[in-house]
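Enquirer: Coordinates in target32.cif, mmCIF, C-alpha atoms, are listed below.
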data_target
loop_
_atom_site.group_PDB
_atom_site.id
_atom_site.type_symbol
_atom_site.label_atom_id
_atom_site.label_comp_id
_atom_site.auth_asym_id
_atom_site.auth_seq_id
_atom_site.Cartn_x
_atom_site.Cartn_y
_atom_site.Cartn_z
ATOM 1 C CA MET Y 1 56.457 284.771 -23.276
ATOM 2 C CA GLN Y 2 57.515 286.221 -19.914
ATOM 3 C CA THR Y 3 55.174 288.781 -18.419
ATOM 4 C CA SER Y 4 56.660 292.077 -17.237
ATOM 5 C CA TRP Y 5 55.310 292.563 -13.720
ATOM 6 C CA GLN Y 6 54.956 296.237 -12.873
ATOM 7 C CA HIS Y 7 55.977 297.888 -9.625
ATOM 8 C CA THR Y 8 55.293 301.407 -8.370
ATOM 9 C CA THR Y 9 57.886 302.516 -5.840
ATOM 10 C CA VAL Y 10 56.355 303.923 -2.654
ATOM 11 C CA LEU Y 11 57.653 307.218 -1.178
ATOM 12 C CA LEU Y 12 60.205 307.412 -3.964
ATOM 13 C CA ASP Y 13 61.170 311.087 -3.823
ATOM 14 C CA GLU Y 14 60.732 311.390 -0.076
ATOM 15 C CA ALA Y 15 63.062 308.458 0.608
ATOM 16 C CA VAL Y 16 65.822 309.569 -1.740
ATOM 17 C CA ASP Y 17 65.577 313.196 -0.562
ATOM 18 C CA ALA Y 18 66.098 311.995 3.010
ATOM 19 C CA LEU Y 19 68.878 309.581 2.082
ATOM 20 C CA VAL Y 20 71.269 311.410 -0.239
ATOM 21 C CA THR Y 21 73.224 314.195 1.459
ATOM 22 C CA ASP Y 22 76.613 313.840 -0.293
ATOM 23 C CA PRO Y 23 76.660 313.103 -4.048
ATOM 24 C CA ASP Y 24 80.273 311.887 -3.892
ATOM 25 C CA ALA Y 25 79.613 309.192 -1.260
ATOM 26 C CA THR Y 26 78.593 305.524 -1.211
ATOM 27 C CA TYR Y 27 74.978 304.547 -0.549
ATOM 28 C CA ILE Y 28 73.236 301.232 0.037
ATOM 29 C CA ASP Y 29 69.868 300.155 -1.335
ATOM 30 C CA ALA Y 30 69.345 297.200 0.996
ATOM 31 C CA THR Y 31 66.253 295.927 -0.881
ATOM 32 C CA PHE Y 32 66.685 296.518 -4.634
ATOM 33 C CA GLY Y 33 63.304 295.084 -5.692
ATOM 34 C CA ARG Y 34 62.782 296.467 -9.171
ATOM 35 C CA GLY Y 35 65.223 299.327 -8.741
ATOM 36 C CA GLY Y 36 62.951 302.340 -8.428
ATOM 37 C CA HIS Y 37 64.863 303.821 -5.506
ATOM 38 C CA SER Y 38 68.232 302.752 -6.928
ATOM 39 C CA ARG Y 39 67.723 304.544 -10.221
ATOM 40 C CA LEU Y 40 66.728 307.788 -8.523
ATOM 41 C CA ILE Y 41 69.657 307.545 -6.082
ATOM 42 C CA LEU Y 42 72.063 307.137 -9.004
ATOM 43 C CA SER Y 43 70.595 310.232 -10.662
ATOM 44 C CA ARG Y 44 71.545 312.220 -7.544
ATOM 45 C CA LEU Y 45 75.157 310.978 -7.388
ATOM 46 C CA SER Y 46 78.279 312.477 -8.961
ATOM 47 C CA PRO Y 47 80.687 310.398 -11.083
ATOM 48 C CA ASP Y 48 82.502 309.597 -7.842
ATOM 49 C CA GLY Y 49 79.404 308.370 -6.021
ATOM 50 C CA ARG Y 50 78.640 304.678 -5.611
ATOM 51 C CA LEU Y 51 75.547 302.575 -4.938
ATOM 52 C CA VAL Y 52 75.640 299.045 -3.527
ATOM 53 C CA ALA Y 53 72.367 297.082 -3.620
ATOM 54 C CA PHE Y 54 71.253 293.868 -1.946
ATOM 55 C CA ASP Y 55 68.430 291.488 -2.878
ATOM 56 C CA LYS Y 56 67.898 287.790 -2.260
ATOM 57 C CA ASP Y 57 65.323 287.416 -5.053
ATOM 58 C CA PRO Y 58 67.133 286.078 -8.154
ATOM 59 C CA VAL Y 59 64.550 287.751 -10.402
ATOM 60 C CA ALA Y 60 65.386 291.132 -8.842
ATOM 61 C CA VAL Y 61 69.095 290.484 -9.283
ATOM 62 C CA ALA Y 62 68.503 289.684 -12.955
ATOM 63 C CA GLU Y 63 66.451 292.874 -13.299
ATOM 64 C CA SER Y 64 69.370 294.881 -11.900
ATOM 65 C CA ALA Y 65 71.371 294.137 -15.057
ATOM 66 C CA LYS Y 66 69.185 296.762 -16.782
ATOM 67 C CA VAL Y 67 70.616 299.517 -14.579
ATOM 68 C CA GLY Y 68 73.736 299.663 -16.730
ATOM 69 C CA ASP Y 69 75.728 302.047 -14.539
ATOM 70 C CA ALA Y 70 79.370 301.504 -13.570
ATOM 71 C CA ARG Y 71 78.695 303.181 -10.216
ATOM 72 C CA PHE Y 72 76.212 300.440 -9.321
ATOM 73 C CA SER Y 73 76.756 296.916 -7.996
ATOM 74 C CA ILE Y 74 74.431 294.333 -6.471
ATOM 75 C CA ARG Y 75 74.838 291.383 -4.130
ATOM 76 C CA HIS Y 76 72.568 288.334 -4.282
ATOM 77 C CA GLN Y 77 72.132 288.324 -0.514
ATOM 78 C CA GLY Y 78 69.603 289.315 2.095
ATOM 79 C CA PHE Y 79 70.201 292.649 3.754
ATOM 80 C CA ARG Y 80 71.358 291.092 6.998
ATOM 81 C CA HIS Y 81 74.699 290.886 5.166
ATOM 82 C CA LEU Y 82 75.105 294.664 5.373
ATOM 83 C CA GLY Y 83 77.618 293.988 8.102
ATOM 84 C CA ASP Y 84 79.973 292.413 5.546
ATOM 85 C CA LEU Y 85 80.689 295.892 4.146
ATOM 86 C CA PRO Y 86 83.558 297.987 5.544
ATOM 87 C CA PRO Y 87 82.769 299.930 8.725
ATOM 88 C CA ALA Y 88 81.628 303.552 8.347
ATOM 89 C CA SER Y 89 81.762 303.175 4.556
ATOM 90 C CA ALA Y 90 78.267 304.422 3.641
ATOM 91 C CA ALA Y 91 76.589 307.815 3.798
ATOM 92 C CA GLY Y 92 73.136 306.251 3.710
ATOM 93 C CA VAL Y 93 71.222 302.979 3.993
ATOM 94 C CA LEU Y 94 67.730 302.587 2.526
ATOM 95 C CA MET Y 95 65.469 299.666 3.447
ATOM 96 C CA ASP Y 96 62.159 299.285 1.602
ATOM 97 C CA LEU Y 97 60.598 296.357 3.432
ATOM 98 C CA GLY Y 98 58.076 293.716 2.547
ATOM 99 C CA VAL Y 99 57.100 292.120 -0.731
ATOM 100 C CA SER Y 100 57.157 293.882 -4.110
ATOM 101 C CA SER Y 101 54.254 294.132 -6.534
ATOM 102 C CA PRO Y 102 55.893 291.814 -9.111
ATOM 103 C CA GLN Y 103 56.300 289.161 -6.445
ATOM 104 C CA ILE Y 104 52.665 289.504 -5.360
ATOM 105 C CA ASP Y 105 51.258 289.636 -8.897
ATOM 106 C CA ASN Y 106 53.178 286.652 -10.291
ATOM 107 C CA PRO Y 107 51.092 283.533 -9.488
ATOM 108 C CA GLU Y 108 54.166 281.305 -9.725
ATOM 109 C CA ARG Y 109 55.637 282.926 -6.609
ATOM 110 C CA GLY Y 110 52.667 281.932 -4.442
ATOM 111 C CA PHE Y 111 52.496 285.151 -2.401
ATOM 112 C CA SER Y 112 48.878 286.048 -3.117
ATOM 113 C CA PHE Y 113 45.523 284.424 -2.446
ATOM 114 C CA ARG Y 114 44.161 286.364 -5.450
ATOM 115 C CA PHE Y 115 45.792 283.971 -7.923
ATOM 116 C CA ASP Y 116 46.045 280.202 -8.104
ATOM 117 C CA GLY Y 117 49.653 279.073 -7.930
ATOM 118 C CA PRO Y 118 52.125 276.903 -6.057
ATOM 119 C CA LEU Y 119 52.315 277.677 -2.338
ATOM 120 C CA ASP Y 120 55.922 278.853 -2.312
ATOM 121 C CA MET Y 121 56.372 282.426 -0.909
ATOM 122 C CA ARG Y 122 60.179 282.267 -0.763
ATOM 123 C CA MET Y 123 61.904 285.549 -1.577
ATOM 124 C CA ASP Y 124 64.946 283.542 -2.667
ATOM 125 C CA THR Y 125 63.694 280.641 -4.773
ATOM 126 C CA THR Y 126 67.183 279.117 -4.999
ATOM 127 C CA ARG Y 127 67.295 277.974 -1.385
ATOM 128 C CA GLY Y 128 65.260 277.149 1.682
ATOM 129 C CA GLU Y 129 61.900 275.548 2.353
ATOM 130 C CA SER Y 130 58.665 276.650 0.686
ATOM 131 C CA VAL Y 131 55.477 277.278 2.652
ATOM 132 C CA ALA Y 132 53.936 274.114 1.172
ATOM 133 C CA GLU Y 133 56.929 272.043 2.304
ATOM 134 C CA TRP Y 134 56.769 273.466 5.816
ATOM 135 C CA LEU Y 135 53.010 272.982 6.150
ATOM 136 C CA ALA Y 136 53.408 269.366 5.029
ATOM 137 C CA THR Y 137 55.143 268.444 8.298
ATOM 138 C CA ALA Y 138 54.469 271.204 10.864
ATOM 139 C CA GLU Y 139 52.331 270.414 13.907
ATOM 140 C CA VAL Y 140 49.095 272.233 14.732
ATOM 141 C CA GLN Y 141 50.647 274.238 17.548
ATOM 142 C CA GLN Y 142 53.619 275.315 15.389
ATOM 143 C CA ILE Y 143 51.327 276.535 12.618
ATOM 144 C CA ALA Y 144 49.028 278.305 15.070
ATOM 145 C CA GLU Y 145 51.934 280.132 16.724
ATOM 146 C CA VAL Y 146 53.260 281.379 13.378
ATOM 147 C CA ILE Y 147 49.859 282.606 12.209
ATOM 148 C CA ARG Y 148 49.132 284.262 15.559
ATOM 149 C CA ASP Y 149 52.559 285.838 16.094
ATOM 150 C CA TYR Y 150 53.285 287.011 12.547
ATOM 151 C CA GLY Y 151 49.743 287.594 11.292
ATOM 152 C CA GLU Y 152 48.039 288.734 14.498
ATOM 153 C CA GLU Y 153 45.220 286.385 13.507
ATOM 154 C CA ARG Y 154 42.576 285.754 16.196
ATOM 155 C CA PHE Y 155 41.538 282.485 14.557
ATOM 156 C CA ALA Y 156 45.072 281.085 14.273
ATOM 157 C CA LEU Y 157 44.268 277.809 16.026
ATOM 158 C CA PRO Y 158 41.170 276.968 13.917
ATOM 159 C CA VAL Y 159 43.167 277.768 10.762
ATOM 160 C CA ALA Y 160 46.026 275.520 11.881
ATOM 161 C CA LYS Y 161 43.641 272.692 12.734
ATOM 162 C CA ALA Y 162 41.984 272.992 9.315
ATOM 163 C CA ILE Y 163 45.357 272.803 7.548
ATOM 164 C CA VAL Y 164 46.442 269.687 9.453
ATOM 165 C CA ALA Y 165 43.015 268.008 9.103
ATOM 166 C CA ARG Y 166 43.146 268.557 5.352
ATOM 167 C CA ARG Y 167 46.677 267.071 5.286
ATOM 168 C CA GLN Y 168 45.552 263.969 7.139
ATOM 169 C CA GLU Y 169 42.449 263.469 4.998
ATOM 170 C CA ARG Y 170 43.608 264.341 1.483
ATOM 171 C CA GLY Y 171 47.309 265.192 1.609
ATOM 172 C CA PRO Y 172 49.210 268.449 2.138
ATOM 173 C CA VAL Y 173 48.025 271.825 0.906
ATOM 174 C CA SER Y 174 50.030 272.706 -2.193
ATOM 175 C CA THR Y 175 48.376 275.729 -3.840
ATOM 176 C CA THR Y 176 47.384 279.242 -2.815
ATOM 177 C CA THR Y 177 43.743 278.644 -3.716
ATOM 178 C CA GLU Y 178 43.546 275.555 -1.517
ATOM 179 C CA LEU Y 179 45.018 277.405 1.448
ATOM 180 C CA ALA Y 180 42.785 280.447 0.971
ATOM 181 C CA GLY Y 181 39.725 278.186 0.921
ATOM 182 C CA LEU Y 182 40.733 276.445 4.141
ATOM 183 C CA VAL Y 183 41.329 279.772 5.864
ATOM 184 C CA ALA Y 184 37.985 281.174 4.686
ATOM 185 C CA GLY Y 185 36.235 278.224 6.294
ATOM 186 C CA ALA Y 186 38.043 278.707 9.610
ATOM 187 C CA VAL Y 187 37.966 282.496 10.003
ATOM 188 C CA LYS Y 188 34.529 283.428 11.281
ATOM 189 C CA THR Y 189 34.695 287.222 11.091
ATOM 190 C CA ARG Y 190 36.917 289.678 9.289
ATOM 191 C CA GLU Y 191 37.275 293.439 8.945
ATOM 192 C CA PRO Y 192 35.139 294.897 6.110
ATOM 193 C CA GLY Y 193 36.949 294.732 2.804
ATOM 194 C CA GLN Y 194 39.679 292.353 4.026
ATOM 195 C CA ASN Y 195 40.002 288.844 2.629
ATOM 196 C CA PRO Y 196 39.904 286.178 5.391
ATOM 197 C CA ALA Y 197 43.269 284.831 4.169
ATOM 198 C CA THR Y 198 45.133 288.147 4.423
ATOM 199 C CA ARG Y 199 46.636 287.648 7.863
ATOM 200 C CA THR Y 200 47.498 283.976 7.351
ATOM 201 C CA PHE Y 201 49.296 284.632 4.061
ATOM 202 C CA GLN Y 202 51.204 287.530 5.634
ATOM 203 C CA ALA Y 203 52.231 285.376 8.588
ATOM 204 C CA LEU Y 204 53.467 282.457 6.510
ATOM 205 C CA ARG Y 205 55.434 284.747 4.177
ATOM 206 C CA ILE Y 206 57.117 286.557 7.065
ATOM 207 C CA PHE Y 207 57.939 283.266 8.787
ATOM 208 C CA ILE Y 208 59.268 281.333 5.801
ATOM 209 C CA ASN Y 209 61.573 284.233 4.881
ATOM 210 C CA ALA Y 210 62.552 285.044 8.496
ATOM 211 C CA GLU Y 211 61.723 288.661 7.632
ATOM 212 C CA LEU Y 212 61.545 290.110 11.132
ATOM 213 C CA GLU Y 213 64.736 288.404 12.285
ATOM 214 C CA GLU Y 214 66.553 289.613 9.183
ATOM 215 C CA LEU Y 215 65.243 293.146 9.705
ATOM 216 C CA GLN Y 216 66.608 293.206 13.244
ATOM 217 C CA GLN Y 217 69.986 291.934 12.024
ATOM 218 C CA ALA Y 218 70.076 294.486 9.198
ATOM 219 C CA LEU Y 219 69.250 297.389 11.496
ATOM 220 C CA GLU Y 220 72.095 296.426 13.819
ATOM 221 C CA ALA Y 221 74.414 296.070 10.824
ATOM 222 C CA SER Y 222 73.462 299.559 9.630
ATOM 223 C CA LEU Y 223 75.140 301.014 12.716
ATOM 224 C CA HIS Y 224 78.354 299.295 11.616
ATOM 225 C CA VAL Y 225 78.294 300.462 7.997
ATOM 226 C CA LEU Y 226 76.987 304.030 8.388
ATOM 227 C CA ARG Y 227 79.527 306.806 8.780
ATOM 228 C CA PRO Y 228 78.846 309.685 11.211
ATOM 229 C CA GLY Y 229 76.138 311.864 9.703
ATOM 230 C CA GLY Y 230 74.947 309.004 7.500
ATOM 231 C CA ARG Y 231 71.218 308.477 7.090
ATOM 232 C CA LEU Y 232 69.108 305.416 7.853
ATOM 233 C CA VAL Y 233 65.821 305.430 5.913
ATOM 234 C CA VAL Y 234 63.339 302.584 6.447
ATOM 235 C CA ILE Y 235 59.947 302.134 4.780
ATOM 236 C CA SER Y 236 57.664 299.563 6.418
ATOM 237 C CA PHE Y 237 54.215 298.318 5.474
ATOM 238 C CA HIS Y 238 52.766 296.649 8.556
ATOM 239 C CA SER Y 239 52.803 297.145 12.291
ATOM 240 C CA LEU Y 240 55.217 294.321 13.130
ATOM 241 C CA GLU Y 241 57.937 295.805 10.932
ATOM 242 C CA ASP Y 242 57.298 299.384 11.983
ATOM 243 C CA ARG Y 243 57.367 298.464 15.663
ATOM 244 C CA ILE Y 244 60.836 296.941 15.275
ATOM 245 C CA VAL Y 245 62.137 299.991 13.375
ATOM 246 C CA LYS Y 246 60.561 302.469 15.796
ATOM 247 C CA GLN Y 247 61.971 300.681 18.848
ATOM 248 C CA PHE Y 248 65.413 300.311 17.274
ATOM 249 C CA ILE Y 249 65.674 304.018 16.506
ATOM 250 C CA ALA Y 250 64.299 304.960 19.927
ATOM 251 C CA THR Y 251 66.727 302.648 21.726
ATOM 252 C CA HIS Y 252 69.757 304.075 19.940
ATOM 253 C CA SER Y 253 68.561 307.686 20.130
ATOM 254 C CA ARG Y 254 69.186 308.016 23.856
ATOM 255 C CA ASP Y 255 72.238 307.794 26.093
ATOM 256 C CA GLU Y 256 72.753 304.378 27.664
ATOM 257 C CA PHE Y 257 73.456 304.161 31.394
ATOM 258 C CA ASP Y 258 75.077 301.084 32.944
ATOM 259 C CA ARG Y 259 73.085 300.320 36.099
ATOM 260 C CA ARG Y 260 75.988 298.249 37.397
ATOM 261 C CA ALA Y 261 78.234 301.345 37.300
ATOM 262 C CA PRO Y 262 75.964 304.259 38.274
ATOM 263 C CA PHE Y 263 78.762 306.830 38.351
ATOM 264 C CA ALA Y 264 80.275 305.880 34.985
ATOM 265 C CA PRO Y 265 79.600 308.235 32.073
ATOM 266 C CA PRO Y 266 76.786 307.029 29.785
ATOM 267 C CA LYS Y 267 77.422 305.539 26.366
ATOM 268 C CA ALA Y 268 76.504 308.202 23.847
ATOM 269 C CA MET Y 269 73.547 307.655 21.563
ATOM 270 C CA LYS Y 270 74.283 306.137 18.137
ATOM 271 C CA LEU Y 271 71.340 307.604 16.224
ATOM 272 C CA LYS Y 272 69.355 310.813 16.094
ATOM 273 C CA ALA Y 273 65.724 310.370 15.059
ATOM 274 C CA LEU Y 274 64.795 312.771 12.268
ATOM 275 C CA GLY Y 275 61.128 311.999 11.800
ATOM 276 C CA ARG Y 276 58.363 309.937 10.270
ATOM 277 C CA VAL Y 277 56.711 310.341 6.853
ATOM 278 C CA ARG Y 278 53.450 308.924 5.468
ATOM 279 C CA PRO Y 279 52.380 308.918 1.809
ATOM 280 C CA GLY Y 280 50.175 311.795 0.728
ATOM 281 C CA GLN Y 281 46.597 311.431 -0.433
ATOM 282 C CA ASP Y 282 47.574 311.641 -4.098
ATOM 283 C CA GLU Y 283 50.067 308.785 -3.805
ATOM 284 C CA VAL Y 284 47.601 306.574 -1.939
ATOM 285 C CA ALA Y 285 44.920 307.312 -4.532
ATOM 286 C CA ALA Y 286 47.311 306.354 -7.340
ATOM 287 C CA ASN Y 287 48.775 303.301 -5.568
ATOM 288 C CA ALA Y 288 46.603 301.531 -2.974
ATOM 289 C CA ARG Y 289 49.606 299.574 -1.684
ATOM 290 C CA ALA Y 290 51.051 302.827 -0.364
ATOM 291 C CA ARG Y 291 48.264 303.347 2.167
ATOM 292 C CA SER Y 292 49.967 301.439 4.996
ATOM 293 C CA ALA Y 293 53.512 302.712 4.374
ATOM 294 C CA ILE Y 294 55.490 304.482 7.101
ATOM 295 C CA MET Y 295 58.971 305.880 6.514
ATOM 296 C CA ARG Y 296 61.278 306.534 9.454
ATOM 297 C CA VAL Y 297 64.526 308.467 9.160
ATOM 298 C CA ALA Y 298 67.483 308.644 11.532
ATOM 299 C CA GLU Y 299 71.034 309.954 11.367
ATOM 300 C CA ARG Y 300 74.160 308.176 12.603
ATOM 301 C CA THR Y 301 75.928 310.122 15.315
ATOM 302 C CA ALA Y 302 79.679 310.288 15.905
ATOM 303 C CA ALA Y 303 79.423 307.850 18.829
#
Using the file provided, produce a representation of the structure as C-alpha cells.
Expert:
Amino acid sequence: MQTSWQHTTVLLDEAVDALVTDPDATYIDATFGRGGHSRLILSRLSPDGRLVAFDKDPVAVAESAKVGDARFSIRHQGFRHLGDLPPASAAGVLMDLGVSSPQIDNPERGFSFRFDGPLDMRMDTTRGESVAEWLATAEVQQIAEVIRDYGEERFALPVAKAIVARRQERGPVSTTTELAGLVAGAVKTREPGQNPATRTFQALRIFINAELEELQQALEASLHVLRPGGRLVVISFHSLEDRIVKQFIATHSRDEFDRRAPFAPPKAMKLKALGRVRPGQDEVAANARARSAIMRVAERTAA
C-alpha cells in the first residue's frame, strides 16, 4: 500500500496574497510540489483566470491530477522552462524553492539521513544521474568542492576523502545510512542540534539537481513571462538560494548605466522590490520546516 506523504505549505496565505492581483489573469506556480499554493491561487481566480504549474518530480505531476480544475494545467518540466511561455503572459510567478516534505519523508527518494534508503536525491527520477552514481566515480577534489560550495561545510575535504576511501576499500556508497555514517566520522564539530550530515546532504541534493543554476535561469525567465505590474514571489529556505534571489531583485531594481556610453540614458529598472516576509511564530511552532523560510516579493515594471 502506498503511503500518503504529508506536506504543510509554508507562507501559504502570505504568498498568494502577494501574488494574485487580478482574478481574471494567468498565474504560474513554478514549483507545484503537492499543490498547496496552486489550490489557494485557483480559489482566488475568476472563471476566466488560469494557472500554469511546473514540476519535474513525476510524483508531483501525478498528484496534480487531483486538482480537477479546467483552469489548471501542469508541465512536467523544471521551472527554468518558464521562458517557453509567451512573453508578458502572466500576472504573477510563484517559486517555492527547495525540497518538499513528501520528498524528504519518503525513504525511497534518498533525500534524508533520517531514513535508510537508496542514495538517489533526484527531483526527477525519470532522468539524470543519482547521487550514488555520481559518488561512484567522482574524484576527491570534485566531491570536496561540491560539499564546500553548496553545503558551506568546513570539513568538506575530510568528508570527500572518507567517501573515496570507502569506495576503494569496500565499493561505492549506495545508501543514505552509509553516507551519513561516513560524514559523522569525518565532521569533528557541529552546531548544537544539527546532524553532522546536514550540510553534506544539502550540498549533494543541490548539486545533483543543479538547483542554483536552474533558479538563476528561472529568475531571468520570469522577466520574460511577467507582464508590467506582474508579481514575482519567491520563497527560499537556505542562504544560497536567498542570496541569489536577493541579488537578482536588487540588480533589476535599479537603473543600469552603460559605462562605455556615459552620456546615454540609463536602461530603466525591470523590477520594483516590494519587501521581505518571514513566517510568524505560530507558523514556525506548528511547522519547524518554516523556520528558515524567507519570502521576497517584486513587481515587474513597464521597462
Enquirer: Got a sec to resolve the PyMOL selection byres ((chain Y and resi 217) around 9) on this structure and send the residues as a ChimeraX atom specification?
Expert: /Y:79-83,212-216,218-222
Enquirer: Counting all atoms listed in the file, which residues come within 6 Å of (77.9, 303.3, -8.7), with the point read in the file's coordinates, and could you list them as a tab-separated table (two decimals) with C-alpha atoms, in the coordinates of the input?
Expert:
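part-v2.tsv was written with the following content:
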chain	number	residue	atom	x	y	z
Y	49	GLY	CA	79.40	308.37	-6.02
Y	50	ARG	CA	78.64	304.68	-5.61
Y	51	LEU	CA	75.55	302.58	-4.94
Y	70	ALA	CA	79.37	301.50	-13.57
Y	71	ARG	CA	78.69	303.18	-10.22
Y	72	PHE	CA	76.21	300.44	-9.32
Enquirer: Pick the closest to Lys246 of chain Y from Y:Val297, Y:Leu85, Y:Ala210, Y:Ala268: which is it, counting only C-alpha atoms?
Expert: Y:Val297
Enquirer: Give me the residues within 9 Å of segment 25-36 of chain Y as an MDAnalysis selection string, counting only C-alpha atoms and dropping any in the same chain fewer than 2 places off.
Expert: chainID Y and resid 6:10 12 19:23 38:41 45:46 48:57 59:61 63:64 67 74 78:80 82 89:97 99:100 102 218
Enquirer: Step by step: start from the point (50.0, 308.9, -6.4) in the file's coordinates, keep every protein, DNA or RNA residue that has an atom no farther than 12 Å from it, count all atoms listed in the file, and write the set as a VMD selection string.
Expert: chain Y and resid 8 to 13 279 to 291
Enquirer: Which residues of segment 10-129 of chain Y come within 10 Å of segment 134-158 of chain Y, and for each one, what is the closest pair of atoms and their distance in Å to one decimal, counting only C-alpha atoms, sorted by chain and residue number, as a tab-separated table?
Expert:
residue	atom	partner	partner_atom	distance
Y:Leu119	CA	Y:Leu135	CA	9.7
Y:Asp120	CA	Y:Trp134	CA	9.8
Y:Glu129	CA	Y:Trp134	CA	6.5
Enquirer: Measure the distance from atom CA of Leu204 of chain Y to atom CA of Glu191 of chain Y in Å and round it to one decimal.
Expert: 19.7 Å
Enquirer: Ranking Y:Gly230, Y:Pro192, Y:Gly275, Y:Gly171 by minimum distance to Glu299 of chain Y and counting all atoms listed in the file, which one comes first?
Expert: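 For Glu299 of chain Y, the nearest of the candidates is Y:Gly230.
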Enquirer: Here is a test: counting only C-alpha atoms, which residue of Y:Met269, Y:Ile294, Y:Asp116, Y:Thr301 is nearest to Ala15 of chain Y?
Expert: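 Distance minimum relative to Ala15 of chain Y lands on Y:Ile294.
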Enquirer: Suppose you want the space between atom CA of Ala186 of chain Y and atom CA of Arg166 of chain Y; what is it in Å?
Expert: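 Calculated distance between atom CA of Ala186 of chain Y and atom CA of Arg166 of chain Y is 12.1 Å.
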Enquirer: Report the centre and edge lengths, in Å to one decimal, of an axis-aligned box enclosing every atom of segment 225-244 of chain Y listed in the file, padded by 4 Å on each side, as AutoDock Vina command-line options.
Expert:
--center_x 66.1 --center_y 303.1 --center_z 10.2 --size_x 34.8 --size_y 25.5 --size_z 18.9
